[in-house]
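Asks: Submitted below is the structure of interest, expressed as structure tokens.
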Amino acid sequence: MRIAFLSGDQAFKDAVKAAANNWLPHINLTFDFVEGESGDIRISSEPGIYWSMIGTNALLIEEGPTMRLSPDLRAPAFFAANVMHEFGHALGAEHEHLHPASNIPWNKPAVYAAHGVAEDADEGDYARRSVDERYFNLLDASDFDYTPYDPKSIMHYAVRQNWTLGDFKIDLNLVLSDKDKAFMAKAYPFPAAQTA
């Protein structure tokens with residue numbers, strides 16, 4: 001898979017490569033990081049943004065970035081976790097907190113308030129729809145290949161305790177979980193070992 005850097009200094013590029021390469025032992029792919037504007041994935045360095053197209057949808061974008069990563073390297077573990085998360089999207093993974101079987105006891109008014117959604121916003125309100133899509137609208141089980149819900153997944157958002165009912169929270173996952181590795185190994189399998 002060719003991965004082009006559209007922008008970013010060498011420290012940023014090196015940190016992206018190191019974090020993304022955490023996926024490689026678990027997938028039958030290689031990452032060929034290149035300069036220029038030609039790549040299956042094209043990364044731009046943009047402060048404050050972590051975002052990626054999902055899977056082969058990146059191939060539908062003819063020019064410009066298909067992934068955006070913030071260049072802030074002051075918290076290396078946080079940066080690496082976000083890069084692994086976005087590369088998970090690039091490899092086809094969706095958000096784990098939207099898993100059809102997730103059971104997060106959301107305190108929706110608290111989440112809306114934290115994102116500046118007016119208390120009286122109806123379902124057609126853009127800000128409310130954005131929050132619903134980001135946190136509450138679970139994926140349709142019939143549309144996806146998925147494994148059991150994994151709160152330890154790198155694809156899971158952190159869930160603040162004050163955004164939930166009761167004593168529930170999920171801290172930011174900083175490493176690939178065993179289920180992340182197994183899912184990608186199934187999606188991008190290595191050839192079966194030949195026996196004589």
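Going by the structure tokens order, chains are called A, B, ..., each with residues numbered from 1, while ligands are numbered from 1 in the order shown.
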Give me the residues within 12 Å of A:Asp178 as a VMD selection string, counting only C-alpha atoms and dropping any in the same chain fewer than 2 places off.
Replies: chain A and resid 23 26 147 to 148 150 to 154 175 to 176 180 to 185
Asks: Could you dump the residues just selected with N, CA and C atoms as an mmCIF file, in the first residue's frame?
Replies:
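Contents of out08.cif, as written:
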```
data_model
loop_
_atom_site.group_PDB
_atom_site.id
_atom_site.type_symbol
_atom_site.label_atom_id
_atom_site.label_comp_id
_atom_site.auth_asym_id
_atom_site.auth_seq_id
_atom_site.Cartn_x
_atom_site.Cartn_y
_atom_site.Cartn_z
ATOM 1 N N TRP A 23 0.551 -1.979 13.017
ATOM 2 C CA TRP A 23 -0.419 -2.869 12.380
ATOM 3 C C TRP A 23 0.263 -3.984 11.578
ATOM 4 N N HIS A 26 0.314 -7.907 11.924
ATOM 5 C CA HIS A 26 -0.995 -8.548 11.984
ATOM 6 C C HIS A 26 -1.738 -8.551 10.651
ATOM 7 N N THR A 147 -16.640 -8.421 14.900
ATOM 8 C CA THR A 147 -16.359 -9.372 15.961
ATOM 9 C C THR A 147 -17.096 -8.888 17.215
ATOM 10 N N PRO A 148 -17.066 -9.652 18.319
ATOM 11 C CA PRO A 148 -17.731 -9.164 19.530
ATOM 12 C C PRO A 148 -17.207 -7.785 19.953
ATOM 13 N N ASP A 150 -15.622 -4.716 21.640
ATOM 14 C CA ASP A 150 -14.312 -4.667 22.296
ATOM 15 C C ASP A 150 -14.054 -3.274 22.876
ATOM 16 N N PRO A 151 -14.318 -3.067 24.166
ATOM 17 C CA PRO A 151 -14.071 -1.751 24.754
ATOM 18 C C PRO A 151 -12.589 -1.375 24.796
ATOM 19 N N LYS A 152 -11.696 -2.329 24.556
ATOM 20 C CA LYS A 152 -10.258 -2.047 24.562
ATOM 21 C C LYS A 152 -9.712 -1.725 23.166
ATOM 22 N N SER A 153 -10.575 -1.709 22.165
ATOM 23 C CA SER A 153 -10.146 -1.485 20.787
ATOM 24 C C SER A 153 -9.537 -0.101 20.593
ATOM 25 N N ILE A 154 -8.515 -0.034 19.749
ATOM 26 C CA ILE A 154 -7.929 1.255 19.365
ATOM 27 C C ILE A 154 -8.955 2.093 18.600
ATOM 28 N N VAL A 175 -3.032 1.281 22.738
ATOM 29 C CA VAL A 175 -2.379 0.210 21.978
ATOM 30 C C VAL A 175 -3.436 -0.619 21.256
ATOM 31 N N LEU A 176 -3.015 -1.387 20.269
ATOM 32 C CA LEU A 176 -3.909 -2.299 19.587
ATOM 33 C C LEU A 176 -4.348 -3.392 20.554
ATOM 34 N N ASP A 180 -8.410 -6.269 18.003
ATOM 35 C CA ASP A 180 -8.003 -5.470 16.840
ATOM 36 C C ASP A 180 -7.084 -6.297 15.946
ATOM 37 N N LYS A 181 -6.098 -6.909 16.568
ATOM 38 C CA LYS A 181 -5.117 -7.690 15.822
ATOM 39 C C LYS A 181 -5.781 -8.869 15.111
ATOM 40 N N ALA A 182 -6.674 -9.558 15.831
ATOM 41 C CA ALA A 182 -7.337 -10.726 15.252
ATOM 42 C C ALA A 182 -8.259 -10.326 14.105
ATOM 43 N N PHE A 183 -8.967 -9.214 14.252
ATOM 44 C CA PHE A 183 -9.870 -8.770 13.196
ATOM 45 C C PHE A 183 -9.088 -8.455 11.919
ATOM 46 N N MET A 184 -7.993 -7.708 12.063
ATOM 47 C CA MET A 184 -7.211 -7.346 10.879
ATOM 48 C C MET A 184 -6.493 -8.553 10.277
ATOM 49 N N ALA A 185 -6.088 -9.499 11.127
ATOM 50 C CA ALA A 185 -5.454 -10.710 10.611
ATOM 51 C C ALA A 185 -6.443 -11.511 9.763
#
```
Asks: Run DSSP on the backbone and give me the residues of chain A it puts in strand (DSSP E), as a VMD selection string.
Replies: chain A and resid 2 to 5 32 to 35 41 to 45 50 to 52 67 to 69
Asks: Quote the spacing between atom CA of A:Ala127 and atom CA of A:Tyr112 in Å to one decimal place.
Replies: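 Computing it gives 8.6 Å between the two atoms.
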Asks: Separation of atom CA of A:Arg42 and atom CA of A:Val131, in Å?
Replies: 26.8 Å
Asks: If we count only C-alpha atoms, what is near stretch 115-123 of chain A at a cut-off of 12 Å, once residues fewer than 6 positions away on the same chain are taken out, given as a ChimeraX atom specification?
Replies: /A:108-109,129-135,163
Asks: Just the residues within 12 Å of A:Pro76, please, counting only C-alpha atoms, with nothing from its chain fewer than 3 positions along; format it as an MDAnalysis selection string.
Replies: chainID A and resid 11:12 14:16 18:19 70:73 79:83 174
Asks: Taking only C-alpha atoms into account, name the residue in A:Ala101, A:Glu96, A:Phe190, A:Leu69 that is nearest to A:Pro25.
Replies: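 Nearest to A:Pro25: A:Phe190.
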Asks: For A:Ile41, list every protein, DNA or RNA residue within 7 Å, evaluated using only C-alpha atoms, and leave out those in the same chain fewer than 5 positions away; present the list as a PyMOL selection string.
Replies: chain A and resi 2-4+58+66-67
Asks: Counting only C-alpha atoms, which residue out of A:Val111, A:Ala187, A:Phe144, A:Asp125 sits closest to A:Leu165?
Replies: A:Val111
Asks: Taking the DSSP assignment computed from this structure's backbone, write out as a PyMOL selection string all residues of stretch 83-193 of chain A that belong to alpha helix (DSSP H).
Replies: chain A and resi 83-90+108-114+126-131+178-187
Asks: Which residue out of A:Ile170, A:Met84, A:Ala114, A:Met1 has the minimum interatomic distance to A:Asn28 when only C-alpha atoms are used?
Replies: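 The closest residue to A:Asn28 is A:Met1.
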Asks: So which one's closest to A:Gly92, A:Gly55, A:Gly166, A:Pro189, A:Gly48? Using only C-alpha atoms, please.
Replies: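 The closest residue to A:Gly92 is A:Gly55.
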Asks: Counting only C-alpha atoms, which of A:Leu59, A:Ile27, A:Leu6, A:Met53 gets nearest to A:Glu94?
Replies: A:Met53
